[in-house]
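Peer 1: This is input29.txt (compact mmCIF, C-alpha atoms).
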# COMPACT_ATOMS: atom_id res chain seq x y z
CA MET A 131 -11.18 -66.75 5.84
CA LYS A 132 -13.98 -68.42 7.82
CA GLU A 133 -16.46 -65.82 6.57
CA CYS A 134 -15.35 -66.45 2.99
CA MET A 135 -15.77 -70.22 3.35
CA ALA A 136 -19.18 -69.75 4.95
CA GLY A 137 -20.24 -67.55 2.02
CA LEU A 138 -19.09 -70.13 -0.51
CA ILE A 139 -20.93 -72.92 1.31
CA LEU A 140 -24.11 -70.85 1.54
CA GLY A 141 -23.89 -70.00 -2.15
CA ALA A 142 -23.53 -73.68 -3.02
CA ILE A 143 -26.55 -74.56 -0.89
CA CYS A 144 -28.68 -71.84 -2.53
CA THR A 145 -27.64 -73.04 -5.99
CA LEU A 146 -28.52 -76.63 -5.12
CA PHE A 147 -31.89 -75.50 -3.77
CA ILE A 148 -32.70 -73.64 -6.99
CA ILE A 149 -31.69 -76.66 -9.08
CA LEU A 150 -33.96 -78.91 -6.99
CA ILE A 151 -36.89 -76.52 -7.50
CA TYR A 152 -36.16 -76.41 -11.22
CA ASN A 153 -36.04 -80.20 -11.59
CA SER A 154 -39.20 -80.82 -9.55
CA PHE A 155 -40.98 -78.02 -11.42
CA ILE A 156 -40.13 -79.47 -14.83
CA SER A 157 -40.99 -83.01 -13.74
CA TYR A 158 -44.40 -81.87 -12.54
CA TYR A 159 -45.34 -80.26 -15.83
CA LYS A 160 -43.90 -83.07 -17.92
CA SER A 161 -46.24 -85.40 -16.04
CA LYS A 162 -49.15 -83.30 -17.30
CA GLY A 163 -48.28 -84.05 -20.91
CA ALA A 164 -47.71 -81.53 -23.70
CA THR A 165 -51.37 -80.65 -24.15
CA GLY A 166 -51.94 -80.02 -20.47
CA ILE A 167 -48.81 -78.14 -19.52
CA GLY A 168 -50.50 -74.78 -19.46
CA GLY A 169 -53.81 -75.90 -17.99
CA THR A 170 -57.11 -74.47 -19.16
CA PRO A 171 -56.90 -70.74 -19.89
CA ILE A 172 -59.15 -68.52 -17.78
CA SER A 173 -61.90 -67.35 -20.11
CA SER A 174 -61.62 -63.69 -19.08
CA THR A 175 -57.84 -63.64 -19.07
CA SER A 176 -56.84 -64.66 -22.58
CA VAL A 177 -55.93 -62.44 -25.50
CA PRO A 178 -57.36 -63.61 -28.87
CA LEU A 179 -55.09 -65.68 -31.11
CA VAL A 180 -52.91 -63.58 -33.39
CA ASN A 181 -51.51 -66.28 -35.64
CA GLU A 182 -53.88 -68.98 -36.88
CA THR A 183 -51.00 -71.17 -38.09
CA ASN A 184 -49.00 -71.34 -34.87
CA LEU A 185 -51.94 -70.54 -32.55
CA LEU A 186 -49.95 -67.92 -30.67
CA ARG A 187 -51.65 -66.24 -27.75
CA ARG A 188 -51.01 -64.40 -24.52
CA THR A 189 -52.51 -65.81 -21.33
CA PHE A 190 -52.64 -65.19 -17.62
CA PRO A 191 -49.50 -66.84 -16.18
CA GLU A 192 -49.86 -70.39 -14.90
CA VAL A 193 -47.05 -69.74 -12.42
CA ILE A 194 -46.09 -66.63 -10.43
CA ILE A 195 -42.90 -66.27 -8.40
CA ILE A 196 -44.11 -64.12 -5.51
CA GLY A 197 -40.84 -63.64 -3.62
CA VAL A 198 -38.82 -63.12 -1.73
CA ARG A 199 -36.73 -60.03 -2.48
CA LYS A 200 -32.97 -60.80 -2.40
CA GLY A 201 -33.83 -64.48 -2.14
CA GLY A 202 -32.68 -65.68 -5.56
CA THR A 203 -35.81 -65.04 -7.63
CA ARG A 204 -33.85 -63.70 -10.60
CA ALA A 205 -31.62 -66.75 -10.75
CA LEU A 206 -34.68 -69.01 -10.45
CA ILE A 207 -36.68 -67.41 -13.26
CA ASP A 208 -33.63 -67.23 -15.53
CA MET A 209 -33.08 -70.95 -15.01
CA LEU A 210 -36.73 -71.80 -15.64
CA ASP A 211 -36.84 -69.50 -18.66
CA SER A 212 -34.03 -71.51 -20.25
CA HIS A 213 -36.46 -74.40 -20.71
CA PRO A 214 -37.96 -74.34 -24.24
CA GLN A 215 -41.52 -74.81 -22.96
CA ILE A 216 -41.39 -72.05 -20.32
CA LYS A 217 -41.80 -68.40 -21.26
CA SER A 218 -41.43 -65.56 -18.77
CA GLY A 219 -43.18 -62.21 -18.69
CA ARG A 220 -41.42 -59.15 -20.03
CA LYS A 221 -37.92 -58.65 -18.68
CA GLY A 222 -37.86 -56.99 -15.30
CA GLU A 223 -40.72 -57.08 -12.82
CA ILE A 224 -44.26 -56.23 -13.87
CA HIS A 225 -45.63 -55.23 -10.44
CA PHE A 226 -49.23 -55.58 -11.54
CA PHE A 227 -50.78 -56.82 -8.31
CA ASP A 228 -48.76 -54.73 -5.85
CA ARG A 229 -48.90 -51.32 -7.52
CA SER A 230 -52.34 -49.75 -7.67
CA GLU A 231 -51.47 -47.63 -10.71
CA ASN A 232 -50.79 -50.83 -12.66
CA TYR A 233 -53.65 -52.83 -11.15
CA ARG A 234 -56.13 -50.16 -12.23
CA ARG A 235 -55.07 -50.76 -15.83
CA GLY A 236 -56.87 -54.09 -15.70
CA VAL A 237 -56.03 -57.71 -16.34
CA GLU A 238 -55.85 -57.23 -20.12
CA TRP A 239 -52.93 -54.84 -19.61
CA TYR A 240 -51.26 -57.45 -17.41
CA ILE A 241 -51.74 -60.21 -19.98
CA GLY A 242 -50.35 -57.85 -22.61
CA CYS A 243 -47.07 -57.94 -20.67
CA MET A 244 -46.88 -61.72 -21.11
CA PRO A 245 -45.07 -63.45 -23.99
CA PHE A 246 -46.84 -65.11 -26.88
CA THR A 247 -47.07 -68.85 -26.29
CA LYS A 248 -48.34 -71.94 -28.08
CA GLU A 249 -50.31 -74.81 -26.63
CA GLY A 250 -48.00 -76.86 -24.45
CA GLU A 251 -45.95 -73.85 -23.33
CA LEU A 252 -46.03 -72.40 -19.83
CA THR A 253 -46.19 -68.70 -18.92
CA ILE A 254 -44.42 -67.55 -15.76
CA GLU A 255 -43.98 -64.15 -14.09
CA LYS A 256 -42.08 -62.87 -11.06
CA SER A 257 -42.43 -59.82 -8.85
CA PRO A 258 -40.81 -60.44 -5.43
CA SER A 259 -42.70 -57.66 -3.67
CA TYR A 260 -45.96 -59.57 -4.18
CA PHE A 261 -45.11 -61.66 -1.12
CA ILE A 262 -45.12 -58.76 1.35
CA THR A 263 -47.91 -56.61 -0.11
CA PRO A 264 -51.16 -57.15 1.86
CA GLU A 265 -53.55 -56.69 -1.08
CA VAL A 266 -51.85 -59.10 -3.47
CA PRO A 267 -53.15 -62.53 -2.29
CA GLU A 268 -56.78 -61.46 -2.63
CA ARG A 269 -56.14 -59.76 -5.97
CA ILE A 270 -54.53 -62.84 -7.50
CA SER A 271 -57.16 -65.14 -6.02
CA SER A 272 -59.97 -63.05 -7.51
CA ILE A 273 -58.61 -63.81 -10.98
CA SER A 274 -57.28 -67.34 -10.59
CA LYS A 275 -57.42 -69.80 -7.71
CA THR A 276 -55.47 -72.44 -9.63
CA VAL A 277 -52.33 -70.44 -10.42
CA LYS A 278 -49.16 -72.04 -9.02
CA LEU A 279 -47.22 -69.81 -6.62
CA ILE A 280 -43.49 -70.17 -6.00
CA LEU A 281 -41.83 -68.68 -2.93
CA ILE A 282 -38.05 -68.95 -2.56
CA VAL A 283 -36.47 -67.83 0.72
CA ARG A 284 -33.06 -67.71 2.36
CA ASP A 285 -31.73 -67.21 5.88
CA PRO A 286 -33.72 -64.13 7.04
CA VAL A 287 -30.72 -62.40 8.63
CA ILE A 288 -28.47 -62.89 5.60
CA ARG A 289 -31.33 -61.76 3.37
CA ALA A 290 -31.76 -58.60 5.48
CA VAL A 291 -28.05 -57.79 5.22
CA SER A 292 -28.19 -58.28 1.44
CA ASP A 293 -31.27 -56.05 1.22
CA TYR A 294 -29.59 -53.35 3.32
CA THR A 295 -26.47 -53.52 1.14
CA GLN A 296 -28.50 -52.84 -1.98
CA LEU A 297 -30.27 -49.92 -0.34
CA ASP A 298 -26.92 -48.59 0.87
CA MET A 299 -25.49 -48.75 -2.66
CA LYS A 300 -28.43 -46.76 -4.00
CA LYS A 301 -27.91 -44.06 -1.36
CA SER A 302 -24.21 -43.87 -2.13
CA ARG A 303 -24.98 -42.86 -5.71
CA TYR A 304 -26.56 -39.67 -4.40
CA ALA A 305 -23.95 -39.07 -1.69
CA ARG A 306 -26.56 -39.45 1.01
CA GLU A 307 -25.63 -40.10 4.61
CA ARG A 308 -25.58 -43.85 5.13
CA PRO A 309 -26.03 -45.42 8.59
CA THR A 310 -24.36 -48.73 9.36
CA PHE A 311 -26.46 -51.88 9.27
CA GLU A 312 -26.62 -51.93 13.07
CA GLU A 313 -27.72 -48.29 13.20
CA PHE A 314 -30.32 -48.98 10.54
CA VAL A 315 -32.01 -52.01 12.13
CA PHE A 316 -31.55 -51.42 15.89
CA ASN A 317 -32.91 -48.57 18.00
CA SER A 318 -31.05 -46.92 20.89
CA ASN A 319 -32.33 -49.61 23.27
CA GLY A 320 -30.90 -52.39 21.14
CA GLU A 321 -34.34 -53.51 19.91
CA VAL A 322 -34.89 -54.54 16.30
CA LYS A 323 -36.84 -52.04 14.20
CA ILE A 324 -39.45 -54.33 12.66
CA THR A 325 -40.81 -51.54 10.46
CA VAL A 326 -37.66 -50.97 8.38
CA SER A 327 -37.80 -52.68 5.00
CA PRO A 328 -34.91 -55.20 5.34
CA ILE A 329 -36.37 -56.55 8.59
CA LYS A 330 -40.01 -56.34 7.55
CA VAL A 331 -39.43 -58.42 4.42
CA SER A 332 -37.55 -61.08 6.40
CA MET A 333 -40.52 -61.67 8.72
CA TYR A 334 -41.63 -64.56 6.51
CA ASP A 335 -44.26 -66.02 8.82
CA THR A 336 -46.25 -62.79 8.99
CA HIS A 337 -46.58 -62.59 5.22
CA TYR A 338 -46.99 -66.33 4.67
CA GLN A 339 -50.01 -66.56 6.97
CA ARG A 340 -51.74 -63.90 4.90
CA TRP A 341 -51.32 -65.98 1.75
CA LEU A 342 -52.82 -69.03 3.46
CA ASN A 343 -56.06 -67.09 3.86
CA TRP A 344 -56.48 -67.20 0.09
CA PHE A 345 -54.47 -70.21 -1.14
CA SER A 346 -54.02 -73.69 0.27
CA ARG A 347 -50.59 -75.29 0.68
CA GLU A 348 -51.46 -77.67 -2.14
Once you've parsed the file, please lay out its structure as structure tokens.
Peer 2:
Amino acid sequence: MKECMAGLILGAICTLFIILIYNSFISYYKSKGATGIGGTPISSTSVPLVNETNLLRRTFPEVIIIGVRKGGTRALIDMLDSHPQIKSGRKGEIHFFDRSENYRRGVEWYIGCMPFTKEGELTIEKSPSYFITPEVPERISSISKTVKLILIVRDPVIRAVSDYTQLDMKKSRYARERPTFEEFVFNSNGEVKITVSPIKVSMYDTHYQRWLNWFSRE
């Protein structure tokens, strides 16, 4: 019963946190005015207009949700995408900056995955694995230093358990042997295995410091 109540309370806190991000996010861009909501397009990252009447175009996203996996990024982008002036990249995760096979396709391919927008509309994309991939901060910075980055996190232990649960479900589909969470994250000496994915992703400070080498907190 206590565990159930704790889960409900945590869920309510996460929901409130997402709502606060949403409200502050919308307020910020409203303050820019309709003509400035998208900022100035990067000259090398815009696709030519395809409709002279509505001035539709695809652009490099003004906002990228970089993580964290199992932290609520899907709920966040779905909520933001419900705003009429915010358009998200193609459904699912594009993985342009963290997968070399996609990155080699070039920025025009990436922009081609974005929705058509008009002036005054904002383009947003999310790929949670961006946060933990070493090459990503430099790759994004080389294209745009003004892009807004959103990072949403949750209790690192709870996030690790959630991550493990998803991995465990995938293994169960193929009838693979599945260790318990404790067996998965602790070695025989009782030490935490910092190299396994659920733990590695939850080491927020390690990844965050890497981003600060390329982007300021502002």
Peer 1: Pick the closest to Glu251 in chain A from A:Arg188, A:Arg289, A:Arg220, A:Lys200: which is it, counting all atoms listed in the file?
Peer 2: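 Answer, going by the shortest atom-to-atom distance: A:Arg188.
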Peer 1: Mind pulling up the distance from CA of Val315 in chain A to CA of Ile329 in chain A?
Peer 2: 7.2 Å
Peer 1: Here is a test: counting only C-alpha atoms, which residue of A:Asp298, A:Glu307, A:Glu231, A:Glu223 is nearest to Arg199 in chain A?
Peer 2: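 Closest candidate: A:Glu223.
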Peer 1: Identify which of the residues A:Arg269, A:Lys275, A:Ile288, A:Asn319 lies closest to Arg234 in chain A, counting only C-alpha atoms when measuring atom-to-atom distances.
Peer 2: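 Among A:Arg269, A:Lys275, A:Ile288, A:Asn319, it is A:Arg269 that comes nearest to Arg234 in chain A.
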Peer 1: Range 254-268 of chain A: which residues within 7 Å, counting only C-alpha atoms, same-chain residues fewer than 5 positions away excluded, as a list of chain:residue names?
Peer 2: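 Final neighbour list, sorted by chain and number: A:Pro191, A:Glu192, A:Val193, A:Ile194, A:Ile195, A:Ile196, A:Gly197, A:Val198, A:Arg199, A:Lys217, A:Ser218, A:Gly219, A:Glu223, A:Ile224, A:His225, A:Phe227, A:Asp228, A:Val331, A:His337, A:Trp341, A:Trp344.
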Peer 1: One decimal, in Å: what's the spacing between CA of Asp208 in chain A and CA of Gln339 in chain A?
Peer 2: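 It comes out at 27.8 Å.
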Peer 1: So how many Å separate CA of Asp335 in chain A and CA of Arg347 in chain A, to one decimal?
Peer 2: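 Here the two named atoms are 13.9 Å from each other.
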Peer 1: Residues at most 10 Å from Ala290 in chain A, counting all atoms listed in the file, excluding those fewer than 4 positions away in the same chain, as a list of chain:residue names?
Peer 2: A:Arg199, A:Lys200, A:Gly201, A:Arg284, A:Asp285, A:Pro286, A:Tyr294, A:Thr295, A:Gln296, A:Phe311, A:Val315, A:Ser327, A:Pro328, A:Ile329, A:Lys330, A:Val331, A:Ser332, A:Met333
Peer 1: For Ser272 in chain A, which residue out of A:Leu186, A:Val287, A:Val237, A:Leu297 is the nearest one, using all atoms listed in the file?
Peer 2: A:Val237
Peer 1: Please identify all polymer residues within 8 Å of Tyr240 in chain A, counting all atoms listed in the file, omitting same-chain residues fewer than 3 positions from it, and present them as an MDAnalysis selection string.
Peer 2: chainID A and resid 190 224 226 235:237 243:244
Peer 1: With only C-alpha atoms as the atoms that count, which of A:Ile270, A:Val291, A:Ile207, A:Leu185 lies nearest to Glu249 in chain A?
Peer 2: A:Leu185
Peer 1: Need the shell around Pro214 in chain A: protein/DNA/RNA residues with any atom at most 12 Å away, counting only C-alpha atoms. Skip same-chain ones fewer than 6 positions apart. Format as a ChimeraX atom specification?
Peer 2: /A:156,247-248,250-253
